[in-house]
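Colleague: Structure file my_file.txt, compact mmCIF, C-alpha atoms, is pasted below:
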# COMPACT_ATOMS: atom_id res chain seq x y z
CA MET A 6 35.02 6.40 -5.67
CA GLU A 7 33.57 8.06 -8.73
CA ALA A 8 34.69 11.58 -7.94
CA ASN A 9 34.57 13.05 -11.39
CA GLN A 10 30.97 12.22 -12.16
CA GLU A 11 28.70 15.03 -13.21
CA ARG A 12 26.13 15.79 -10.62
CA LEU A 13 23.16 18.06 -10.41
CA PHE A 14 23.59 18.94 -6.74
CA ARG A 15 26.76 19.72 -4.84
CA LEU A 16 26.03 17.19 -2.17
CA PRO A 17 26.17 13.53 -3.17
CA PHE A 18 22.48 13.30 -3.84
CA LYS A 19 20.72 12.52 -7.06
CA LEU A 20 17.18 12.69 -8.25
CA PRO A 21 15.53 9.28 -8.36
CA SER A 22 15.35 7.62 -11.72
CA SER A 23 11.99 7.02 -13.29
CA ALA A 24 11.90 3.31 -12.45
CA THR A 25 12.57 4.11 -8.80
CA ALA A 26 9.96 6.84 -8.87
CA ARG A 27 7.49 4.42 -10.37
CA SER A 28 7.97 1.73 -7.75
CA LEU A 29 7.96 4.31 -4.96
CA GLY A 30 4.70 5.75 -6.29
CA VAL A 31 3.14 2.30 -6.36
CA TYR A 32 4.29 1.62 -2.79
CA ILE A 33 2.82 4.93 -1.58
CA SER A 34 -0.38 4.22 -3.44
CA GLY A 35 -0.76 0.88 -1.67
CA GLY A 36 -0.09 2.60 1.63
CA LEU A 37 -2.74 5.21 0.92
CA TYR A 38 -5.26 2.51 0.10
CA ALA A 39 -4.49 0.81 3.41
CA ILE A 40 -4.88 4.11 5.26
CA GLY A 41 -8.27 4.63 3.63
CA ALA A 42 -9.43 1.12 4.44
CA TRP A 43 -8.28 1.41 8.04
CA CYS A 44 -9.95 4.81 8.44
CA PHE A 45 -13.19 3.21 7.45
CA LEU A 46 -12.65 0.10 9.58
CA ASP A 47 -11.84 2.42 12.47
CA ALA A 48 -15.29 3.95 12.15
CA ALA A 49 -16.93 0.52 12.07
CA LEU A 50 -14.96 -0.83 15.03
CA TYR A 51 -15.51 2.34 17.01
CA SER A 52 -19.23 2.06 16.47
CA ARG A 53 -19.19 -1.53 17.68
CA LYS A 54 -16.83 -1.28 20.63
CA ALA A 55 -16.61 2.19 22.10
CA ASN A 56 -19.72 3.98 21.00
CA ALA A 57 -21.66 5.93 23.61
CA SER A 58 -24.23 7.51 21.35
CA SER A 59 -27.33 6.11 19.71
CA VAL A 60 -26.11 6.24 16.11
CA HIS A 61 -24.30 3.20 14.73
CA VAL A 62 -22.48 2.27 11.57
CA THR A 63 -24.76 0.11 9.45
CA PHE A 64 -24.59 -1.31 5.95
CA ILE A 65 -25.45 2.13 4.52
CA ASP A 66 -22.02 3.33 5.56
CA TRP A 67 -20.33 0.44 3.82
CA ILE A 68 -21.82 1.17 0.40
CA PRO A 69 -19.61 4.17 -0.53
CA PHE A 70 -16.43 2.32 0.40
CA ILE A 71 -17.46 -0.73 -1.62
CA CYS A 72 -18.27 1.55 -4.57
CA SER A 73 -14.91 3.29 -4.53
CA THR A 74 -13.02 0.02 -4.13
CA LEU A 75 -14.83 -1.46 -7.13
CA GLY A 76 -14.11 1.71 -9.09
CA MET A 77 -10.44 1.51 -8.23
CA ILE A 78 -10.25 -2.12 -9.35
CA ILE A 79 -11.98 -1.29 -12.64
CA VAL A 80 -9.91 1.81 -13.41
CA ASN A 81 -6.60 0.11 -12.75
CA SER A 82 -7.37 -3.07 -14.63
CA ILE A 83 -7.83 -1.24 -17.94
CA GLU A 84 -4.99 -1.70 -20.36
CA LYS A 85 -3.82 1.85 -20.85
CA ASN A 86 -2.21 1.19 -24.21
CA ARG A 87 -5.70 0.87 -25.69
CA LEU A 88 -6.45 4.47 -24.84
CA ILE A 89 -3.06 5.71 -25.96
CA GLN A 90 -3.26 3.87 -29.26
CA ASP A 91 -6.65 5.32 -29.87
CA ALA A 92 -5.48 8.83 -29.09
CA LEU A 93 -2.60 8.44 -31.53
CA GLY A 94 -4.52 6.82 -34.32
CA SER A 95 -7.92 8.41 -34.12
CA GLY A 96 -9.40 9.09 -37.50
CA SER A 97 -6.91 6.98 -39.38
CA PHE A 98 -7.19 3.30 -40.06
CA SER A 99 -4.89 2.14 -37.28
CA GLY A 100 -6.39 0.69 -34.12
CA SER A 101 -9.72 -0.95 -33.69
CA SER A 102 -12.23 1.65 -32.68
CA SER A 103 -14.65 -0.76 -31.02
CA MET A 104 -11.94 -1.83 -28.58
CA ALA A 105 -11.24 1.79 -27.72
CA TRP A 106 -14.94 2.38 -27.23
CA GLN A 107 -15.17 -0.51 -24.81
CA ALA A 108 -12.13 0.75 -22.92
CA ARG A 109 -13.62 4.22 -22.73
CA VAL A 110 -17.00 3.01 -21.49
CA ILE A 111 -15.50 0.79 -18.81
CA LEU A 112 -13.16 3.57 -17.73
CA PHE A 113 -16.09 5.92 -17.45
CA LEU A 114 -17.89 3.36 -15.32
CA GLY A 115 -14.87 3.10 -13.03
CA PHE A 116 -14.52 6.84 -12.58
CA ALA A 117 -18.26 7.13 -11.98
CA LEU A 118 -17.99 4.52 -9.24
CA LEU A 119 -15.08 6.39 -7.65
CA ALA A 120 -16.90 9.71 -7.71
CA GLY A 121 -20.06 8.00 -6.49
CA GLY A 122 -18.16 6.56 -3.58
CA ILE A 123 -16.75 9.86 -2.42
CA SER A 124 -19.98 11.77 -2.90
CA GLY A 125 -21.98 8.98 -1.28
CA SER A 126 -19.80 9.18 1.81
CA ILE A 127 -20.43 12.92 2.00
CA VAL A 128 -24.15 12.27 1.62
CA VAL A 129 -24.03 9.77 4.50
CA LEU A 130 -22.13 12.28 6.61
CA ILE A 131 -24.74 14.98 6.01
CA LEU A 132 -27.92 12.91 6.17
CA LYS A 133 -26.97 10.64 9.02
CA PHE A 134 -24.93 12.92 11.24
CA LEU A 135 -25.24 16.63 10.48
CA VAL A 136 -28.97 16.83 9.83
CA LYS A 137 -29.84 14.86 12.95
CA ASP A 138 -27.68 17.08 15.17
CA PHE A 139 -24.94 14.60 15.95
CA THR A 140 -22.33 17.31 15.72
CA SER A 141 -20.19 16.63 18.77
CA TYR A 142 -16.90 15.09 17.93
CA PRO A 143 -16.61 11.46 18.95
CA THR A 144 -19.88 10.69 17.23
CA LEU A 145 -19.22 12.87 14.21
CA GLY A 146 -15.84 11.19 13.83
CA MET A 147 -17.49 8.08 12.43
CA GLY A 148 -18.90 10.05 9.49
CA VAL A 149 -15.73 12.06 9.00
CA ASN A 150 -13.62 8.89 8.99
CA ASN A 151 -15.82 7.53 6.24
CA VAL A 152 -15.22 10.60 4.06
CA VAL A 153 -11.48 10.58 4.78
CA GLY A 154 -11.24 6.89 3.95
CA ASN A 155 -12.98 7.27 0.61
CA PHE A 156 -10.86 10.29 -0.21
CA CYS A 157 -7.69 8.29 0.52
CA VAL A 158 -8.88 5.50 -1.78
CA VAL A 159 -9.47 7.98 -4.63
CA LEU A 160 -6.09 9.59 -4.00
CA SER A 161 -4.42 6.20 -4.09
CA CYS A 162 -6.11 5.41 -7.39
CA VAL A 163 -4.92 8.70 -8.90
CA LEU A 164 -1.38 8.13 -7.65
CA LEU A 165 -1.34 4.59 -9.05
CA TRP A 166 -2.53 5.85 -12.43
CA ILE A 167 0.12 8.57 -12.53
CA ALA A 168 2.90 6.25 -11.36
CA GLN A 169 2.08 3.68 -13.99
CA ASN A 170 1.99 6.24 -16.76
CA VAL A 171 5.37 7.74 -15.96
CA GLU A 172 7.26 7.77 -19.23
CA ASP A 173 10.45 5.95 -18.57
CA GLU A 174 13.23 6.75 -20.94
CA TYR A 175 14.89 3.36 -20.84
CA SER A 176 12.05 1.25 -22.17
CA TYR A 177 11.05 4.09 -24.44
CA SER A 178 14.42 4.01 -26.14
CA LEU A 179 14.18 0.24 -26.38
CA THR A 180 10.82 0.22 -28.09
CA LEU A 181 11.68 2.93 -30.57
CA MET B 291 29.24 -3.00 2.92
CA GLY B 292 32.52 -2.43 4.60
CA LEU B 293 32.31 -4.73 7.53
CA LYS B 294 32.85 -8.43 7.11
CA VAL B 295 30.59 -10.54 9.22
CA SER B 296 30.45 -14.27 8.89
CA PRO B 297 27.08 -15.64 7.81
CA LEU B 298 26.71 -17.61 11.02
CA THR B 299 26.94 -14.44 13.09
CA ARG B 300 24.40 -12.81 10.86
CA ILE B 301 21.97 -15.66 11.22
CA ILE B 302 22.32 -15.78 14.98
CA SER B 303 21.93 -12.05 15.48
CA LEU B 304 18.98 -11.86 13.11
CA SER B 305 17.21 -14.70 14.80
CA GLY B 306 17.75 -12.97 18.14
CA PHE B 307 16.30 -9.81 16.64
CA LEU B 308 13.29 -11.69 15.28
CA ALA B 309 12.71 -13.35 18.63
CA LEU B 310 12.81 -9.92 20.28
CA GLY B 311 10.04 -8.78 17.95
CA PHE B 312 7.91 -11.80 18.69
CA LEU B 313 8.58 -11.33 22.40
CA LEU B 314 7.36 -7.74 22.29
CA VAL B 315 4.15 -8.57 20.44
CA ILE B 316 3.32 -11.59 22.58
CA LEU B 317 4.10 -9.63 25.73
CA SER B 318 1.77 -6.87 24.58
CA CYS B 319 -0.95 -9.49 24.34
CA ALA B 320 -0.23 -11.51 27.44
CA LEU B 321 0.36 -8.71 29.93
CA PHE B 322 -3.15 -7.40 29.45
CA HIS B 323 -4.96 -10.67 28.67
CA ASN B 324 -6.07 -9.31 25.34
CA TYR B 325 -4.96 -11.26 22.32
CA TYR B 326 -6.01 -8.96 19.50
CA PRO B 327 -2.46 -7.68 18.71
CA LEU B 328 -1.53 -11.14 17.47
CA PHE B 329 -3.06 -10.14 14.13
CA ASP B 330 -0.14 -7.75 13.78
CA ILE B 331 2.29 -10.69 13.63
CA LEU B 332 0.15 -12.30 10.96
CA ILE B 333 0.09 -9.17 8.79
CA PHE B 334 3.81 -8.55 9.06
CA LEU B 335 4.57 -12.19 8.32
CA ILE B 336 2.63 -12.15 5.06
CA ALA B 337 3.92 -8.70 4.09
CA PRO B 338 7.09 -9.94 2.30
CA ILE B 339 5.17 -12.53 0.29
CA PRO B 340 3.86 -10.33 -2.58
CA ASN B 341 7.28 -8.98 -3.48
CA ALA B 342 8.71 -12.48 -3.32
CA LEU B 343 6.04 -13.82 -5.65
CA PHE B 344 5.94 -11.00 -8.16
CA SER B 345 9.57 -9.94 -8.33
CA LYS B 346 11.05 -9.65 -11.76
CA ARG B 347 13.45 -12.55 -11.50
CA ASN B 348 10.61 -14.99 -11.37
CA PHE B 349 9.97 -14.34 -15.04
CA ASP B 350 12.33 -15.47 -17.72
CA SER B 351 14.41 -12.97 -19.57
CA SER B 352 12.59 -13.43 -22.87
CA GLU B 353 10.14 -10.77 -21.81
CA PHE B 354 12.82 -8.36 -20.70
CA MET B 355 11.41 -4.94 -19.77
CA ASN B 356 8.06 -5.98 -21.06
CA GLU B 357 5.03 -3.96 -20.10
CA SER B 358 3.17 -6.93 -18.68
CA SER B 359 6.02 -8.09 -16.46
CA LYS B 360 6.28 -4.55 -15.16
CA ASN B 361 2.60 -4.48 -14.34
CA VAL B 362 2.98 -7.76 -12.49
CA GLU B 363 5.81 -6.22 -10.51
CA ASP B 364 3.60 -3.27 -9.68
CA VAL B 365 1.02 -5.62 -8.19
CA GLY B 366 3.66 -6.90 -5.79
CA HIS B 367 4.73 -3.39 -4.84
CA PHE B 368 1.13 -2.30 -4.29
CA PHE B 369 0.31 -5.17 -1.99
CA THR B 370 3.57 -4.77 -0.08
CA GLY B 371 2.79 -1.14 0.60
CA LEU B 372 -0.76 -2.06 1.57
CA LEU B 373 0.28 -4.77 4.02
CA VAL B 374 3.07 -2.80 5.67
CA THR B 375 0.84 0.23 6.19
CA SER B 376 -2.00 -1.87 7.49
CA GLY B 377 0.35 -3.59 9.91
CA LEU B 378 1.28 -0.17 11.25
CA ALA B 379 -2.32 1.02 11.27
CA LEU B 380 -3.83 -1.98 13.05
CA PRO B 381 -2.55 -1.29 16.61
CA THR B 382 -3.38 2.39 16.21
CA VAL B 383 -6.95 1.65 15.20
CA PHE B 384 -7.34 -0.87 18.01
CA TYR B 385 -6.06 1.71 20.45
CA HIS B 386 -8.47 4.34 19.16
CA CYS B 387 -11.38 1.92 19.49
CA GLN B 388 -10.35 1.18 23.09
CA ILE B 389 -9.83 -2.50 22.39
CA ILE B 390 -6.21 -2.39 23.62
CA ASN B 391 -4.50 0.14 25.88
CA HIS B 392 -1.61 2.35 24.91
CA TYR B 393 1.24 0.23 26.32
CA SER B 394 0.00 -2.64 24.26
CA CYS B 395 -0.32 -0.40 21.19
CA ILE B 396 3.27 0.87 21.45
CA MET B 397 4.74 -2.55 22.16
CA SER B 398 2.94 -4.31 19.34
CA THR B 399 3.87 -1.55 16.84
CA ILE B 400 7.56 -1.73 17.74
CA GLY B 401 7.47 -5.52 17.74
CA GLY B 402 5.85 -5.64 14.31
CA ILE B 403 8.40 -3.23 12.86
CA ILE B 404 11.22 -5.35 14.29
CA ILE B 405 9.76 -8.54 12.80
CA TYR B 406 9.36 -7.01 9.35
CA LEU B 407 12.80 -5.38 9.40
CA SER B 408 14.47 -8.63 10.36
CA ILE B 409 12.77 -10.45 7.50
CA VAL B 410 13.81 -7.70 5.06
CA VAL B 411 17.39 -7.62 6.33
CA PHE B 412 17.57 -11.41 6.14
CA SER B 413 16.55 -11.48 2.49
CA TRP B 414 18.83 -8.52 1.78
CA PHE B 415 21.88 -10.18 3.33
CA PHE B 416 21.52 -13.41 1.49
CA ASN B 417 20.28 -12.16 -1.85
CA SER B 418 22.56 -9.17 -2.26
CA GLY B 419 24.71 -10.93 -4.83
CA TRP B 420 21.85 -11.30 -7.28
CA ASP B 421 21.15 -7.73 -8.12
CA GLU B 422 22.23 -4.69 -6.22
CA GLU B 423 20.05 -1.96 -7.57
CA ASP B 424 16.82 -3.50 -6.45
CA ASP B 425 14.86 -1.79 -3.75
CA ALA B 426 16.39 -2.91 -0.51
CA LEU B 427 14.02 -0.73 1.45
CA PHE B 428 10.99 -2.93 1.28
CA GLY B 429 12.46 -6.35 0.74
CA TYR B 430 11.74 -8.67 -2.11
Can I see the file as C-alpha cells?
Modeller:
Amino acid sequence: MEANQERLFRLPFKLPSSATARSLGVYISGGLYAIGAWCFLDAALYSRKANASSVHVTFIDWIPFICSTLGMIIVNSIEKNRLIQDALGSGSFSGSSSMAWQARVILFLGFALLAGGISGSIVVLILKFLVKDFTSYPTLGMGVNNVVGNFCVVLSCVLLWIAQNVEDEYSYSLTL
Amino acid sequence: MGLKVSPLTRIISLSGFLALGFLLVILSCALFHNYYPLFDILIFLIAPIPNALFSKRNFDSSEFMNESSKNVEDVGHFFTGLLVTSGLALPTVFYHCQIINHYSCIMSTIGGIIIYLSIVVFSWFFNSGWDEEDDALFGY
C-alpha cells in the first residue's frame, strides 16, 4: 500500500476533494428539496385523509410552495459566469453590460420569488391558523409543515448555489 | 475488492436480493389490502435513471472538464438525490397521514432500500472497470 504518502490526519482519512464535495453538495441539495416537497405534501394529504378539525388545506396553501419552486428554478438556471464576468470587468470595455443587466434582473426576480414563498407561508400560518385560534398541535402542524417545507426549499437552493460555485483547483489550473 | 466471485454467482445473489426487496414491498401492500406502498417501488426503480442519463461518459471527450458538461452532471446528481429521498419519505408521510399502518411503513421502507441498493450494486459490479473514482455510493 502507499505507506509513505503525506497525510493530514494520523488515521487513514482524507478530506474530500472539491469535485467530491461538489457532487455531495448537489446530492444533499436534491434531498433537501425532496424533504421540503414531502413536508408540504404531508400537510395536504393529512388535511385530506386524517383531518379532524374544520380547517383544510386549500389552494391558498399551495401558492407559497409554487412561488419558491419557481424561484429556485429561475435562480439556478442563470449562467453564473455572466455575473462573474461582469464583476471582473465592470467599468472597462470587457463584457456586455446589457447581458449582465438582464442576468441581474432575472436573478433578483428569482430571489424575490424565493423570499415571497417563505414569507407567504408564514403569512398563511399566522392568518389561517394562529389568528383563528387553531393552536393545538395536529391542526397547527399543517401550517408549520408548510413553513418547514418552504424553508427546506430555500435551503436547498442556497446549498445548490454554493456547491456549484465551489472553486475547484483542477479546472482552474486548466483554464489558466 | 479482495474476494473473487464469479459473475454468475453475483447475478444470482443479486437477483435473489432484488426479489427479496420486491417481496417485502408487495407483502406490505397485500397483508393489509392497501396498495399505496407500490408507489415506493416505482420511485426507487426510476431513481437510478438520472445518473445513468447524465453521467459524464455519455459526452464525448472533446468537452473534457467543460463547465456545461459539469452542469449537466449536476442535474443528474440533483434528481438522484431528490428521488432517493422522496422514496424514503413516501412511506413515512403515508404513515403520518394514517393511510398505511406502521408495519407496512417499515416493510416498504426496507424493501425500497433493498431494491435501490441491489440496482446500485449491480451497476457497480459490472461497470467497475470503466472508472474507479466515480461515486459508487449513489450509482450511476
Colleague: Counting only C-alpha atoms, a student should be able to say which residues of chain A come within 6 Å of chain B; what is the right answer, written as a PyMOL selection string?
Modeller: chain A and resi 31-32+35-36+39+47+51+55
Colleague: Counting only C-alpha atoms, which of B:Val362, B:Val295, B:Ile405, B:Val315 gets nearest to B:Leu328?
Modeller: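 Looking at the shortest contact to B:Leu328, the residue is B:Val315.
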Colleague: For atom CA of B:Phe416 and atom CA of A:Ala26, quote the distance in Å rounded to one decimal.
Modeller: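 Computing the Euclidean distance for atom CA of B:Phe416 and atom CA of A:Ala26 yields 25.5 Å.
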Colleague: One decimal, Å: what's the distance from atom CA of A:Ser34 over to atom CA of A:Phe156, could you say?
Modeller: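 Taking atom CA of A:Ser34 and atom CA of A:Phe156, their separation equals 12.5 Å.
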Colleague: Give me the residues near stretch 110-119 of chain A as a ChimeraX atom specification, where near means some atom within 12 Å (using only C-alpha atoms) and where sequence neighbours in that chain fewer than 4 positions away do not count.
Modeller: /A:68-85,87-88,103-106,123-126,155-163
Colleague: Within 9 Å of A:Leu46, counting only C-alpha atoms, which residues qualify if same-chain residues fewer than 6 places away don't, as a PyMOL selection string?
Modeller: (chain A and resi 150-151+154) or (chain B and resi 383)
Colleague: For atom CA of B:Pro338 and atom CA of B:Val411, determine how far apart the two atoms are, in Å to one decimal place.
Modeller: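 Taking atom CA of B:Pro338 as the start and atom CA of B:Val411 as the end point, the length is 11.3 Å.
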Colleague: When you look at B:Ser394 with a cut-off of 12 Å (counting all atoms listed in the file), what residues show up, excluding the ones that are within fewer than 6 positions of it in the same chain? I need them as an MDAnalysis selection string.
Modeller: chainID B and resid 314:328 330 380:382 384:385 388 400:402
Colleague: Could you give me, as number ranges by chain, the residues within 12 Å of A:Lys133, counting only C-alpha atoms and dropping anything in the same chain fewer than 4 positions from it?
Modeller: A: 59-63, 65-66, 125-129, 137-140, 144-145, 147-149, 151
Colleague: Would you save the residues of that selection, restricted to C-alpha atoms, as an mmCIF file, in the coordinates of the input?
Modeller:
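Saved to again-v3.cif:
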data_model
loop_
_atom_site.group_PDB
_atom_site.id
_atom_site.type_symbol
_atom_site.label_atom_id
_atom_site.label_comp_id
_atom_site.auth_asym_id
_atom_site.auth_seq_id
_atom_site.Cartn_x
_atom_site.Cartn_y
_atom_site.Cartn_z
ATOM 1 C CA SER A 59 -27.330 6.110 19.710
ATOM 2 C CA VAL A 60 -26.110 6.240 16.110
ATOM 3 C CA HIS A 61 -24.300 3.200 14.730
ATOM 4 C CA VAL A 62 -22.480 2.270 11.570
ATOM 5 C CA THR A 63 -24.760 0.110 9.450
ATOM 6 C CA ILE A 65 -25.450 2.130 4.520
ATOM 7 C CA ASP A 66 -22.020 3.330 5.560
ATOM 8 C CA GLY A 125 -21.980 8.980 -1.280
ATOM 9 C CA SER A 126 -19.800 9.180 1.810
ATOM 10 C CA ILE A 127 -20.430 12.920 2.000
ATOM 11 C CA VAL A 128 -24.150 12.270 1.620
ATOM 12 C CA VAL A 129 -24.030 9.770 4.500
ATOM 13 C CA LYS A 137 -29.840 14.860 12.950
ATOM 14 C CA ASP A 138 -27.680 17.080 15.170
ATOM 15 C CA PHE A 139 -24.940 14.600 15.950
ATOM 16 C CA THR A 140 -22.330 17.310 15.720
ATOM 17 C CA THR A 144 -19.880 10.690 17.230
ATOM 18 C CA LEU A 145 -19.220 12.870 14.210
ATOM 19 C CA MET A 147 -17.490 8.080 12.430
ATOM 20 C CA GLY A 148 -18.900 10.050 9.490
ATOM 21 C CA VAL A 149 -15.730 12.060 9.000
ATOM 22 C CA ASN A 151 -15.820 7.530 6.240
#
Colleague: Nearest to B:Leu313 among B:Leu407, B:Ile331, B:Ile301, B:Leu343, with distances taken over all atoms listed in the file: which residue is it?
Modeller: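 Checking each candidate against B:Leu313, we get B:Ile331 as the closest.
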